[in-house]
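Below is work04.pdb, holding PDB, C-alpha atoms.
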ATOM      1  CA  MET A1465      -8.665  22.847  -8.577
ATOM      2  CA  LEU A1466      -8.380  19.020  -8.757
ATOM      3  CA  ASN A1467      -9.534  18.945 -12.381
ATOM      4  CA  ARG A1468      -6.934  21.587 -13.239
ATOM      5  CA  LEU A1469      -4.215  19.511 -11.562
ATOM      6  CA  LEU A1470      -5.373  16.421 -13.450
ATOM      7  CA  GLY A1471      -5.276  18.335 -16.700
ATOM      8  CA  VAL A1472      -1.765  19.600 -16.028
ATOM      9  CA  LEU A1473      -0.522  16.060 -15.376
ATOM     10  CA  ARG A1474      -1.457  15.068 -18.924
ATOM     11  CA  SER A1475       1.707  16.890 -19.983
ATOM     12  CA  PRO A1476       4.554  14.401 -20.669
ATOM     13  CA  VAL A1477       7.036  16.861 -19.150
ATOM     14  CA  LEU A1478       5.054  17.096 -15.921
ATOM     15  CA  ARG A1479       4.707  13.315 -15.753
ATOM     16  CA  VAL A1480       8.468  12.963 -15.935
ATOM     17  CA  GLY A1481       8.739  15.667 -13.283
ATOM     18  CA  PHE A1482       6.377  13.715 -11.047
ATOM     19  CA  LEU A1483       8.527  10.590 -11.412
ATOM     20  CA  VAL A1484      11.722  12.498 -10.693
ATOM     21  CA  LEU A1485      10.230  14.194  -7.612
ATOM     22  CA  ALA A1486       8.827  10.923  -6.263
ATOM     23  CA  LEU A1487      12.177   9.183  -6.885
ATOM     24  CA  VAL A1488      14.122  11.941  -5.120
ATOM     25  CA  LEU A1489      11.802  11.892  -2.116
ATOM     26  CA  ALA A1490      11.803   8.080  -1.926
ATOM     27  CA  VAL A1491      15.605   7.998  -2.004
ATOM     28  CA  GLY A1492      15.745  10.868   0.495
ATOM     29  CA  TYR A1493      13.416   8.896   2.752
ATOM     30  CA  VAL A1494      16.208   6.311   2.998
ATOM     31  CA  TRP A1495      19.233   8.605   2.622
ATOM     32  CA  ARG A1496      18.405  10.727   5.675
ATOM     33  CA  ASP A1497      19.265   7.779   7.947
ATOM     34  CA  ARG A1498      22.061   6.369   5.804
ATOM     35  CA  SER A1499      24.536   5.944   8.684
ATOM     36  CA  ALA A1500      22.071   4.024  10.836
ATOM     37  CA  ILE A1501      20.941   1.992   7.836
ATOM     38  CA  ALA A1502      24.527   1.087   6.923
ATOM     39  CA  ASP A1503      25.135  -0.068  10.485
ATOM     40  CA  ALA A1504      21.900  -2.080  10.474
ATOM     41  CA  TRP A1505      22.757  -3.625   7.113
ATOM     42  CA  SER A1506      26.066  -4.914   8.492
ATOM     43  CA  ARG A1507      24.158  -6.970  11.072
ATOM     44  CA  LEU A1508      22.031  -8.809   8.505
ATOM     45  CA  ASP A1509      23.184 -11.845   6.536
ATOM     46  CA  ALA A1510      22.802 -11.951   2.758
ATOM     47  CA  GLY A1511      20.350 -14.856   2.741
ATOM     48  CA  SER A1512      17.934 -13.095   5.088
ATOM     49  CA  VAL A1513      18.164  -9.874   3.075
ATOM     50  CA  VAL A1514      17.412 -11.652  -0.206
ATOM     51  CA  LEU A1515      14.452 -13.542   1.262
ATOM     52  CA  ALA A1516      13.100 -10.404   2.934
ATOM     53  CA  GLY A1517      13.531  -8.546  -0.369
ATOM     54  CA  VAL A1518      11.465 -11.145  -2.237
ATOM     55  CA  LEU A1519       8.762 -10.883   0.428
ATOM     56  CA  SER A1520       8.813  -7.079   0.080
ATOM     57  CA  LEU A1521       8.212  -7.371  -3.655
ATOM     58  CA  ALA A1522       5.408  -9.849  -2.955
ATOM     59  CA  ASN A1523       3.784  -7.429  -0.510
ATOM     60  CA  VAL A1524       3.675  -4.572  -3.017
ATOM     61  CA  ALA A1525       2.633  -6.828  -5.923
ATOM     62  CA  LEU A1526      -0.194  -8.412  -3.918
ATOM     63  CA  SER A1527      -1.408  -4.959  -2.889
ATOM     64  CA  GLY A1528      -1.592  -4.114  -6.580
ATOM     65  CA  ALA A1529      -3.584  -7.281  -7.235
ATOM     66  CA  SER A1530      -6.070  -6.246  -4.534
ATOM     67  CA  TRP A1531      -6.524  -2.831  -6.168
ATOM     68  CA  ARG A1532      -6.907  -4.451  -9.609
ATOM     69  CA  ALA A1533      -9.662  -6.711  -8.248
ATOM     70  CA  VAL A1534     -11.619  -3.673  -7.043
ATOM     71  CA  LEU A1535     -11.110  -1.802 -10.316
ATOM     72  CA  GLY A1536     -12.306  -4.837 -12.252
ATOM     73  CA  ASP A1537     -15.341  -5.109 -10.005
ATOM     74  CA  LEU A1538     -16.188  -1.503 -10.856
ATOM     75  CA  GLY A1539     -16.107  -2.272 -14.574
ATOM     76  CA  SER A1540     -12.498  -1.810 -15.757
ATOM     77  CA  ARG A1541     -10.679  -5.148 -15.994
ATOM     78  CA  LEU A1542      -7.211  -3.977 -16.948
ATOM     79  CA  PRO A1543      -4.648  -6.508 -18.213
ATOM     80  CA  TRP A1544      -1.901  -7.201 -15.681
ATOM     81  CA  ARG A1545       0.700  -5.149 -17.558
ATOM     82  CA  ALA A1546      -1.525  -2.089 -17.819
ATOM     83  CA  ALA A1547      -2.656  -2.459 -14.203
ATOM     84  CA  ALA A1548       0.980  -2.692 -13.088
ATOM     85  CA  ARG A1549       1.833   0.581 -14.829
ATOM     86  CA  VAL A1550      -1.115   2.406 -13.283
ATOM     87  CA  PHE A1551      -0.742   1.048  -9.762
ATOM     88  CA  PHE A1552       3.008   0.791  -9.243
ATOM     89  CA  VAL A1553       3.920   4.071 -10.928
ATOM     90  CA  GLY A1554       0.996   5.908  -9.354
ATOM     91  CA  GLN A1555       1.886   4.530  -5.949
ATOM     92  CA  LEU A1556       5.117   6.533  -5.987
ATOM     93  CA  GLY A1557       2.872   9.494  -5.205
ATOM     94  CA  ARG A1558       2.761   8.185  -1.638
ATOM     95  CA  TYR A1559       6.251   9.546  -1.109
ATOM     96  CA  ILE A1560       5.081  13.094  -1.801
ATOM     97  CA  PRO A1561       3.644  14.606   1.416
ATOM     98  CA  GLY A1562      -0.146  14.718   1.405
ATOM     99  CA  THR A1563      -2.747  12.214   0.251
ATOM    100  CA  VAL A1564      -3.854  13.559  -3.118
ATOM    101  CA  PHE A1565      -0.850  12.729  -5.305
ATOM    102  CA  GLN A1566      -1.361   8.965  -5.363
ATOM    103  CA  PHE A1567      -5.000   9.456  -6.397
ATOM    104  CA  VAL A1568      -4.104  12.030  -9.053
ATOM    105  CA  ALA A1569      -1.265   9.991 -10.554
ATOM    106  CA  GLN A1570      -3.293   6.782 -10.770
ATOM    107  CA  ALA A1571      -6.298   8.620 -12.211
ATOM    108  CA  GLU A1572      -4.232  10.096 -15.044
ATOM    109  CA  LEU A1573      -2.324   6.882 -15.775
ATOM    110  CA  ALA A1574      -5.552   4.851 -15.840
ATOM    111  CA  ARG A1575      -7.146   7.423 -18.134
ATOM    112  CA  ASP A1576      -4.544   6.399 -20.738
ATOM    113  CA  HIS A1577      -6.284   3.002 -20.747
ATOM    114  CA  GLY A1578      -9.806   4.397 -21.007
ATOM    115  CA  VAL A1579     -10.690   4.204 -17.314
ATOM    116  CA  PRO A1580     -12.815   7.132 -16.057
ATOM    117  CA  ARG A1581     -11.172   9.123 -13.293
ATOM    118  CA  ARG A1582     -14.064   8.645 -10.916
ATOM    119  CA  ARG A1583     -13.718   4.876 -11.282
ATOM    120  CA  THR A1584      -9.977   4.945 -10.600
ATOM    121  CA  GLY A1585     -10.388   7.182  -7.572
ATOM    122  CA  SER A1586     -13.215   5.039  -6.216
ATOM    123  CA  ALA A1587     -11.168   1.880  -6.746
ATOM    124  CA  LEU A1588      -8.222   3.265  -4.799
ATOM    125  CA  ALA A1589     -10.495   4.442  -1.984
ATOM    126  CA  VAL A1590     -12.181   1.032  -1.735
ATOM    127  CA  ALA A1591      -8.841  -0.796  -1.972
ATOM    128  CA  LEU A1592      -7.447   1.312   0.870
ATOM    129  CA  LEU A1593     -10.546   0.578   2.930
ATOM    130  CA  VAL A1594     -10.081  -3.140   2.226
ATOM    131  CA  SER A1595      -6.425  -2.872   3.281
ATOM    132  CA  MET A1596      -7.374  -1.055   6.464
ATOM    133  CA  THR A1597     -10.072  -3.604   7.285
ATOM    134  CA  THR A1598      -7.917  -6.677   6.680
ATOM    135  CA  ALA A1599      -5.043  -5.108   8.640
ATOM    136  CA  SER A1600      -7.406  -4.350  11.511
ATOM    137  CA  LEU A1601      -8.702  -7.925  11.464
ATOM    138  CA  LEU A1602      -5.129  -9.230  11.653
ATOM    139  CA  VAL A1603      -4.310  -6.962  14.569
ATOM    140  CA  ALA A1604      -7.442  -8.039  16.420
ATOM    141  CA  GLY A1605      -7.013 -11.731  15.621
ATOM    142  CA  VAL A1606      -3.253 -12.332  15.560
ATOM    143  CA  LEU A1607      -1.572  -9.837  17.887
ATOM    144  CA  PRO A1608      -3.408 -11.076  21.008
ATOM    145  CA  ILE A1609      -2.074 -14.578  20.257
ATOM    146  CA  ALA A1610       1.486 -13.249  20.318
ATOM    147  CA  LEU A1611       0.948 -11.286  23.522
ATOM    148  CA  HIS A1612      -1.125 -13.916  25.336
ATOM    149  CA  GLY A1613       0.194 -14.744  28.782
ATOM    150  CA  ARG A1614       2.844 -12.027  28.687
ATOM    151  CA  ASP A1615       3.008  -9.108  31.086
ATOM    152  CA  ILE A1616       2.988  -6.380  28.448
ATOM    153  CA  ARG A1617       2.325  -2.875  29.702
ATOM    154  CA  GLY A1618       1.763   0.330  27.815
ATOM    155  CA  TRP A1619      -0.362  -1.097  24.986
ATOM    156  CA  GLU A1620      -3.720   0.004  26.345
ATOM    157  CA  TRP A1621      -3.835   2.719  23.667
ATOM    158  CA  THR A1622      -4.632   0.049  21.050
ATOM    159  CA  GLY A1623      -8.096  -0.371  22.589
ATOM    160  CA  TRP A1624      -9.562   1.876  19.866
ATOM    161  CA  LEU A1625      -9.148  -1.049  17.449
ATOM    162  CA  ARG A1626     -12.041  -2.782  19.195
ATOM    163  CA  TRP A1627     -14.474  -0.332  17.670
ATOM    164  CA  LEU A1628     -12.495   0.429  14.500
ATOM    165  CA  THR A1629     -12.694  -3.140  13.174
ATOM    166  CA  PRO A1630     -16.519  -3.472  13.353
ATOM    167  CA  LEU A1631     -16.893   0.017  11.871
ATOM    168  CA  LEU A1632     -14.681  -0.857   8.904
ATOM    169  CA  LEU A1633     -16.538  -4.110   8.330
ATOM    170  CA  VAL A1634     -19.843  -2.240   8.231
ATOM    171  CA  LEU A1635     -18.454   0.323   5.791
ATOM    172  CA  LEU A1636     -17.432  -2.478   3.409
ATOM    173  CA  VAL A1637     -20.959  -3.885   3.141
ATOM    174  CA  PRO A1638     -22.068  -3.143  -0.462
ATOM    175  CA  ARG A1639     -25.354  -1.618   0.731
ATOM    176  CA  VAL A1640     -23.304   0.856   2.767
ATOM    177  CA  ILE A1641     -20.265   1.567   0.612
ATOM    178  CA  ASN A1642     -22.132   2.045  -2.688
ATOM    179  CA  PRO A1643     -24.369   4.880  -1.425
ATOM    180  CA  LEU A1644     -21.334   6.361   0.324
ATOM    181  CA  LEU A1645     -19.350   6.399  -2.937
ATOM    182  CA  THR A1646     -22.313   7.954  -4.759
ATOM    183  CA  PHE A1647     -22.525  10.674  -2.097
ATOM    184  CA  LEU A1648     -18.783  11.414  -2.272
ATOM    185  CA  LEU A1649     -18.853  11.557  -6.074
ATOM    186  CA  ARG A1650     -21.804  13.928  -5.941
ATOM    187  CA  ILE A1651     -19.832  16.225  -3.629
ATOM    188  CA  ALA A1652     -16.937  16.080  -6.105
ATOM    189  CA  ARG A1653     -19.423  16.902  -8.903
ATOM    190  CA  GLN A1654     -18.821  13.583 -10.629
ATOM    191  CA  ASP A1655     -21.299  11.200 -12.215
ATOM    192  CA  PRO A1656     -22.179   8.080 -10.188
ATOM    193  CA  LEU A1657     -20.390   4.795 -10.879
ATOM    194  CA  GLU A1658     -21.822   2.624 -13.641
ATOM    195  CA  HIS A1659     -21.112  -0.593 -11.713
ATOM    196  CA  PRO A1660     -21.588  -1.014  -7.957
ATOM    197  CA  VAL A1661     -19.135  -2.680  -5.598
ATOM    198  CA  THR A1662     -20.073  -6.347  -5.132
ATOM    199  CA  TRP A1663     -19.353  -8.983  -2.515
ATOM    200  CA  ARG A1664     -17.408 -10.984  -5.077
ATOM    201  CA  GLY A1665     -15.083  -8.099  -5.824
ATOM    202  CA  LEU A1666     -14.638  -7.224  -2.147
ATOM    203  CA  LEU A1667     -13.826 -10.794  -1.137
ATOM    204  CA  SER A1668     -11.342 -11.145  -3.983
ATOM    205  CA  ALA A1669      -9.644  -7.887  -3.018
ATOM    206  CA  ALA A1670      -9.630  -8.900   0.657
ATOM    207  CA  ALA A1671      -7.954 -12.228  -0.161
ATOM    208  CA  TRP A1672      -5.174 -10.468  -2.079
ATOM    209  CA  ALA A1673      -4.817  -7.863   0.686
ATOM    210  CA  MET A1674      -4.597 -10.516   3.402
ATOM    211  CA  ALA A1675      -1.881 -12.275   1.406
ATOM    212  CA  SER A1676       0.020  -8.989   1.129
ATOM    213  CA  TRP A1677      -0.074  -8.533   4.913
ATOM    214  CA  VAL A1678       1.192 -12.056   5.453
ATOM    215  CA  ALA A1679       4.052 -11.388   3.010
ATOM    216  CA  VAL A1680       5.221  -8.222   4.752
ATOM    217  CA  GLY A1681       4.721  -9.829   8.160
ATOM    218  CA  LEU A1682       6.999 -12.654   7.026
ATOM    219  CA  GLN A1683       9.494 -10.024   5.883
ATOM    220  CA  VAL A1684       9.593  -8.565   9.391
ATOM    221  CA  PHE A1685       9.823 -12.081  10.856
ATOM    222  CA  VAL A1686      12.792 -13.005   8.615
ATOM    223  CA  LEU A1687      14.647  -9.826   9.556
ATOM    224  CA  SER A1688      13.842 -10.387  13.236
ATOM    225  CA  GLN A1689      15.171 -13.927  13.104
ATOM    226  CA  ALA A1690      18.364 -12.624  11.519
ATOM    227  CA  VAL A1691      19.111 -10.358  14.497
ATOM    228  CA  GLY A1692      17.927 -12.788  17.161
ATOM    229  CA  VAL A1693      14.503 -13.339  18.720
ATOM    230  CA  ALA A1694      13.944 -14.386  22.313
ATOM    231  CA  TRP A1695      10.359 -15.551  21.745
ATOM    232  CA  PRO A1696       9.195 -18.948  20.385
ATOM    233  CA  THR A1697       8.845 -19.068  16.602
ATOM    234  CA  GLY A1698       5.032 -19.121  16.552
ATOM    235  CA  SER A1699       4.688 -16.136  18.875
ATOM    236  CA  ALA A1700       7.399 -14.194  17.013
ATOM    237  CA  LEU A1701       5.642 -14.829  13.694
ATOM    238  CA  ALA A1702       2.279 -13.689  15.070
ATOM    239  CA  LEU A1703       3.955 -10.615  16.546
ATOM    240  CA  ALA A1704       5.571  -9.738  13.193
ATOM    241  CA  ILE A1705       2.368 -10.112  11.153
ATOM    242  CA  GLY A1706       0.041  -8.412  13.625
ATOM    243  CA  GLY A1707       2.636  -5.813  14.569
ATOM    244  CA  TYR A1708       3.253  -4.653  11.022
ATOM    245  CA  ALA A1709      -0.495  -4.459  10.365
ATOM    246  CA  LEU A1710      -0.866  -2.256  13.462
ATOM    247  CA  ALA A1711       2.070  -0.074  12.403
ATOM    248  CA  TRP A1712       0.601   0.370   8.914
ATOM    249  CA  ILE A1713      -2.775   1.445  10.295
ATOM    250  CA  VAL A1714      -1.159   4.090  12.487
ATOM    251  CA  GLY A1715       1.078   5.236   9.628
ATOM    252  CA  PHE A1716      -1.884   5.476   7.256
ATOM    253  CA  LEU A1717      -3.807   7.625   9.707
ATOM    254  CA  VAL A1718      -0.868  10.037   9.916
ATOM    255  CA  VAL A1719      -1.790  11.347   6.470
ATOM    256  CA  LEU A1720       0.720  14.195   6.268
ATOM    257  CA  ALA A1721       3.754  11.906   6.448
ATOM    258  CA  PRO A1722       4.958  10.383   3.146
ATOM    259  CA  ALA A1723       4.117   6.653   3.144
ATOM    260  CA  GLY A1724       3.392   6.785   6.885
ATOM    261  CA  ALA A1725       7.001   7.714   7.610
ATOM    262  CA  GLY A1726       7.917   8.082  11.252
ATOM    263  CA  ALA A1727       4.697   6.955  12.893
ATOM    264  CA  ARG A1728       4.706   3.539  11.212
ATOM    265  CA  GLU A1729       8.326   2.925  12.119
ATOM    266  CA  LEU A1730       7.840   4.064  15.709
ATOM    267  CA  VAL A1731       5.030   1.573  16.256
ATOM    268  CA  LEU A1732       6.761  -1.250  14.383
ATOM    269  CA  GLY A1733       9.941  -0.704  16.376
ATOM    270  CA  ALA A1734       8.044  -0.799  19.659
ATOM    271  CA  VAL A1735       6.308  -4.046  18.682
ATOM    272  CA  VAL A1736       9.425  -5.820  17.398
ATOM    273  CA  ALA A1737      11.405  -4.696  20.459
ATOM    274  CA  LEU A1738       9.149  -6.856  22.632
ATOM    275  CA  ALA A1739      10.819  -9.948  21.166
ATOM    276  CA  THR A1740      14.248  -8.670  20.085
ATOM    277  CA  GLY A1741      15.183  -5.731  22.282
ATOM    278  CA  SER A1742      15.345  -2.115  21.161
ATOM    279  CA  GLY A1743      18.736  -2.260  19.432
ATOM    280  CA  ALA A1744      17.838  -5.227  17.243
ATOM    281  CA  ALA A1745      14.378  -3.760  16.571
ATOM    282  CA  THR A1746      16.013  -0.694  15.030
ATOM    283  CA  VAL A1747      17.871  -2.960  12.603
ATOM    284  CA  VAL A1748      14.601  -4.684  11.616
ATOM    285  CA  VAL A1749      12.716  -1.408  11.128
ATOM    286  CA  LEU A1750      15.433   0.194   9.014
ATOM    287  CA  GLY A1751      15.921  -2.959   6.955
ATOM    288  CA  SER A1752      12.182  -3.230   6.349
ATOM    289  CA  ARG A1753      11.980   0.408   5.277
ATOM    290  CA  VAL A1754      14.809   0.113   2.757
ATOM    291  CA  LEU A1755      13.503  -3.115   1.233
ATOM    292  CA  LEU A1756       9.928  -1.860   0.869
ATOM    293  CA  THR A1757      11.137   1.387  -0.711
ATOM    294  CA  LEU A1758      13.301  -0.589  -3.135
ATOM    295  CA  ALA A1759      10.321  -2.819  -3.924
ATOM    296  CA  ASP A1760       8.195   0.236  -4.756
ATOM    297  CA  LEU A1761      10.895   1.633  -7.039
ATOM    298  CA  LEU A1762      11.763  -1.660  -8.747
ATOM    299  CA  LEU A1763       8.140  -2.526  -9.512
ATOM    300  CA  ALA A1764       7.374   1.012 -10.713
ATOM    301  CA  PHE A1765      10.310   1.191 -13.089
ATOM    302  CA  GLY A1766       9.807  -2.426 -14.120
ATOM    303  CA  ALA A1767       6.223  -1.566 -15.057
ATOM    304  CA  LEU A1768       7.426   1.460 -17.029
ATOM    305  CA  ALA A1769      10.048  -0.600 -18.839
ATOM    306  CA  GLY A1770       7.479  -3.287 -19.648
ATOM    307  CA  HIS A1771       5.073  -0.674 -20.990
ATOM    308  CA  ARG A1772       7.747   0.883 -23.203
ATOM    309  CA  PHE A1773       8.840  -2.533 -24.494
ATOM    310  CA  SER A1774       5.233  -3.456 -25.259
ATOM    311  CA  ALA A1775       4.587  -0.127 -26.985
ATOM    312  CA  ALA A1776       7.730  -0.514 -29.076
ATOM    313  CA  GLY A1777       6.670  -4.010 -30.108
ATOM    314  CA  ARG A1778       3.218  -2.828 -31.151
ATOM    315  CA  SER A1779       4.695   0.017 -33.197
ATOM    316  CA  ARG A1780       6.699  -2.528 -35.233
ATOM    317  CA  THR A1781       3.724  -4.839 -35.718
ATOM    318  CA  PRO A1782       1.177  -3.969 -38.446
ATOM    319  CA  GLY A1783      -2.493  -4.026 -37.612
ATOM    320  CA  PRO A1784      -4.527  -2.590 -34.721
ATOM    321  CA  ALA A1785      -2.817  -2.324 -31.336
ATOM    322  CA  GLU A1786      -4.096  -4.133 -28.276
ATOM    323  CA  ASP A1787      -4.923  -2.127 -25.193
TER     324      ASP A1787
END
Mind turning this structure into structure tokens?
Amino acid sequence: MLNRLLGVLRSPVLRVGFLVLALVLAVGYVWRDRSAIADAWSRLDAGSVVLAGVLSLANVALSGASWRAVLGDLGSRLPWRAAARVFFVGQLGRYIPGTVFQFVAQAELARDHGVPRRRTGSALAVALLVSMTTASLLVAGVLPIALHGRDIRGWEWTGWLRWLTPLLLVLLVPRVINPLLTFLLRIARQDPLEHPVTWRGLLSAAAWAMASWVAVGLQVFVLSQAVGVAWPTGSALALAIGGYALAWIVGFLVVLAPAGAGARELVLGAVVALATGSGAATVVVLGSRVLLTLADLLLAFGALAGHRFSAAGRSRTPGPAED
């Protein structure tokens, strides 16, 4: 079934259809709350929006760098331009309900650059595990700093993170994750990976992932400051970084929602409301959603435009083409 779907996506017509569907769903993801978003937008100043937009782009770009580090560790060191096309365009599959479309899209796009599907799929799985682990570490290490000394009730449900973080750290140990990947590939009737996951690759990916979390946490902080925060700056910053990481984890676990829609925003709104109040928190959540969606779209279509420009340049230049 999966191989048939992968084969179908080699069709140029179907690839365009995938892009159109992902674009429609991504826009619909914003359009459904257009009235509330318009109201929220009116409460934000232009400077804060621009800065938060830059941080949104940084978050998505740094996530791509983390994935590229894993893929390179597994044996496929794609140039930045090629990696951008595979990651950013493939990531639009997140807006299609379900979890398979992002894997399928990236596998087919990477195949254009000679990367075996099993390597692309393994890289995305490891990169997601790295993202989950670094987010969990931030929640465990930063959020308590923000909440320290405050009478916050109703957050006892986050206690499951105490065992999730050690479990994720164990799974990332090369002696654990490499046999696990081999087992999963065997179930999928795929050959084992030629290159194992190494500590060097994992640490590089984790550094990029941690930077991406800081960027999006700063985005939430900037938007929060724009609507007014009652907490001291340090506590508000810790709340924004740790709170978004927590919201992303919950959204990721709700696998049937496109890009964690709904669950992620519910948690993020509840966290931000601790420092801003519920009305202002709604503005922050909606602003964050719009900017991150725009970042996904801009980077995806920028990568496509860069690929087309590069291909056109190679077609006019005699001699063998690069990559």
Shell around range 1512-1526 of chain A at 9 Å using all atoms listed in the file, local window under 2 positions removed, as a PDB file with C-alpha atoms, in the coordinates of the input:
ATOM      1  CA  TRP A1505      22.757  -3.625   7.113  1.00  0.00           C
ATOM      2  CA  LEU A1508      22.031  -8.809   8.505  1.00  0.00           C
ATOM      3  CA  ASP A1509      23.184 -11.845   6.536  1.00  0.00           C
ATOM      4  CA  ALA A1510      22.802 -11.951   2.758  1.00  0.00           C
ATOM      5  CA  GLY A1528      -1.592  -4.114  -6.580  1.00  0.00           C
ATOM      6  CA  ALA A1529      -3.584  -7.281  -7.235  1.00  0.00           C
ATOM      7  CA  SER A1530      -6.070  -6.246  -4.534  1.00  0.00           C
ATOM      8  CA  TRP A1531      -6.524  -2.831  -6.168  1.00  0.00           C
ATOM      9  CA  ALA A1548       0.980  -2.692 -13.088  1.00  0.00           C
ATOM     10  CA  PHE A1552       3.008   0.791  -9.243  1.00  0.00           C
ATOM     11  CA  TRP A1672      -5.174 -10.468  -2.079  1.00  0.00           C
ATOM     12  CA  ALA A1673      -4.817  -7.863   0.686  1.00  0.00           C
ATOM     13  CA  MET A1674      -4.597 -10.516   3.402  1.00  0.00           C
ATOM     14  CA  ALA A1675      -1.881 -12.275   1.406  1.00  0.00           C
ATOM     15  CA  SER A1676       0.020  -8.989   1.129  1.00  0.00           C
ATOM     16  CA  TRP A1677      -0.074  -8.533   4.913  1.00  0.00           C
ATOM     17  CA  VAL A1678       1.192 -12.056   5.453  1.00  0.00           C
ATOM     18  CA  ALA A1679       4.052 -11.388   3.010  1.00  0.00           C
ATOM     19  CA  VAL A1680       5.221  -8.222   4.752  1.00  0.00           C
ATOM     20  CA  GLY A1681       4.721  -9.829   8.160  1.00  0.00           C
ATOM     21  CA  LEU A1682       6.999 -12.654   7.026  1.00  0.00           C
ATOM     22  CA  GLN A1683       9.494 -10.024   5.883  1.00  0.00           C
ATOM     23  CA  VAL A1684       9.593  -8.565   9.391  1.00  0.00           C
ATOM     24  CA  PHE A1685       9.823 -12.081  10.856  1.00  0.00           C
ATOM     25  CA  VAL A1686      12.792 -13.005   8.615  1.00  0.00           C
ATOM     26  CA  LEU A1687      14.647  -9.826   9.556  1.00  0.00           C
ATOM     27  CA  GLN A1689      15.171 -13.927  13.104  1.00  0.00           C
ATOM     28  CA  ALA A1690      18.364 -12.624  11.519  1.00  0.00           C
ATOM     29  CA  GLY A1751      15.921  -2.959   6.955  1.00  0.00           C
ATOM     30  CA  SER A1752      12.182  -3.230   6.349  1.00  0.00           C
ATOM     31  CA  LEU A1755      13.503  -3.115   1.233  1.00  0.00           C
ATOM     32  CA  LEU A1756       9.928  -1.860   0.869  1.00  0.00           C
ATOM     33  CA  THR A1757      11.137   1.387  -0.711  1.00  0.00           C
ATOM     34  CA  LEU A1758      13.301  -0.589  -3.135  1.00  0.00           C
ATOM     35  CA  ALA A1759      10.321  -2.819  -3.924  1.00  0.00           C
ATOM     36  CA  ASP A1760       8.195   0.236  -4.756  1.00  0.00           C
ATOM     37  CA  LEU A1762      11.763  -1.660  -8.747  1.00  0.00           C
ATOM     38  CA  LEU A1763       8.140  -2.526  -9.512  1.00  0.00           C
TER      39      LEU A1763
END
Students should find that CA of Leu1633 in chain A and CA of Ser1668 in chain A are spaced 15.1 Å
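CA of Val1634 in chain A sits 19.9 Å away from CA of Ala1533 in chain A.
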Within 8 Å of range 1708-1717 of chain A, counting only C-alpha atoms, which residues qualify if same-chain residues fewer than 3 places away don't, as a PyMOL selection string? chain A and resi 1596+1599-1600+1602-1603+1677+1680-1681+1684+1704-1705+1721+1723-1732
Could you tell me, as a list in words, which residues have any atom at most 10 Å from (-4.7, -7.8, 20.8), counting only C-alpha atoms? Leu1602, Val1603, Ala1604, Gly1605, Val1606, Leu1607, Pro1608, Ile1609, Ala1610, Leu1611, His1612, Trp1619, Glu1620, Thr1622, Gly1623, Leu1625, Arg1626, Gly1706, Gly1707 and Leu1710 of chain A
Nearby residues (all atoms listed in the file) at most 6 Å from Ala1764 in chain A, same-chain spacing under 3 positions excluded, as a PyMOL selection string: chain A and resi 1552-1553+1761+1767
Kindly list the centre and edge lengths in Å, rounded to one decimal, for the axis-aligned box that covers all listed atoms of range 1752-1756 of chain A plus 4 Å on each of its six sides, as AutoDock Vina command-line options.
--center_x 12.4 --center_y -1.4 --center_z 3.6 --size_x 12.9 --size_y 11.6 --size_z 13.5
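Here, the PyMOL selection byres ((chain A and resi 1504) around 10) matches Arg1498, Ser1499, Ala1500, Ile1501, Ala1502, Asp1503, Trp1505, Ser1506, Arg1507, Leu1508, Val1691, Gly1743, Ala1744, Ala1745, Thr1746, Val1747, Val1748, Val1749, Leu1750 and Gly1751 of chain A.
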Report as a PDB file with C-alpha atoms, in the coordinates of the input the residues that result from applying the PyMOL selection byres ((chain A and resi 1665) around 8) to the structure here.
ATOM      1  CA  ALA A1533      -9.662  -6.711  -8.248  1.00  0.00           C
ATOM      2  CA  VAL A1534     -11.619  -3.673  -7.043  1.00  0.00           C
ATOM      3  CA  GLY A1536     -12.306  -4.837 -12.252  1.00  0.00           C
ATOM      4  CA  ASP A1537     -15.341  -5.109 -10.005  1.00  0.00           C
ATOM      5  CA  VAL A1661     -19.135  -2.680  -5.598  1.00  0.00           C
ATOM      6  CA  THR A1662     -20.073  -6.347  -5.132  1.00  0.00           C
ATOM      7  CA  TRP A1663     -19.353  -8.983  -2.515  1.00  0.00           C
ATOM      8  CA  ARG A1664     -17.408 -10.984  -5.077  1.00  0.00           C
ATOM      9  CA  LEU A1666     -14.638  -7.224  -2.147  1.00  0.00           C
ATOM     10  CA  LEU A1667     -13.826 -10.794  -1.137  1.00  0.00           C
ATOM     11  CA  SER A1668     -11.342 -11.145  -3.983  1.00  0.00           C
ATOM     12  CA  ALA A1669      -9.644  -7.887  -3.018  1.00  0.00           C
TER      13      ALA A1669
END
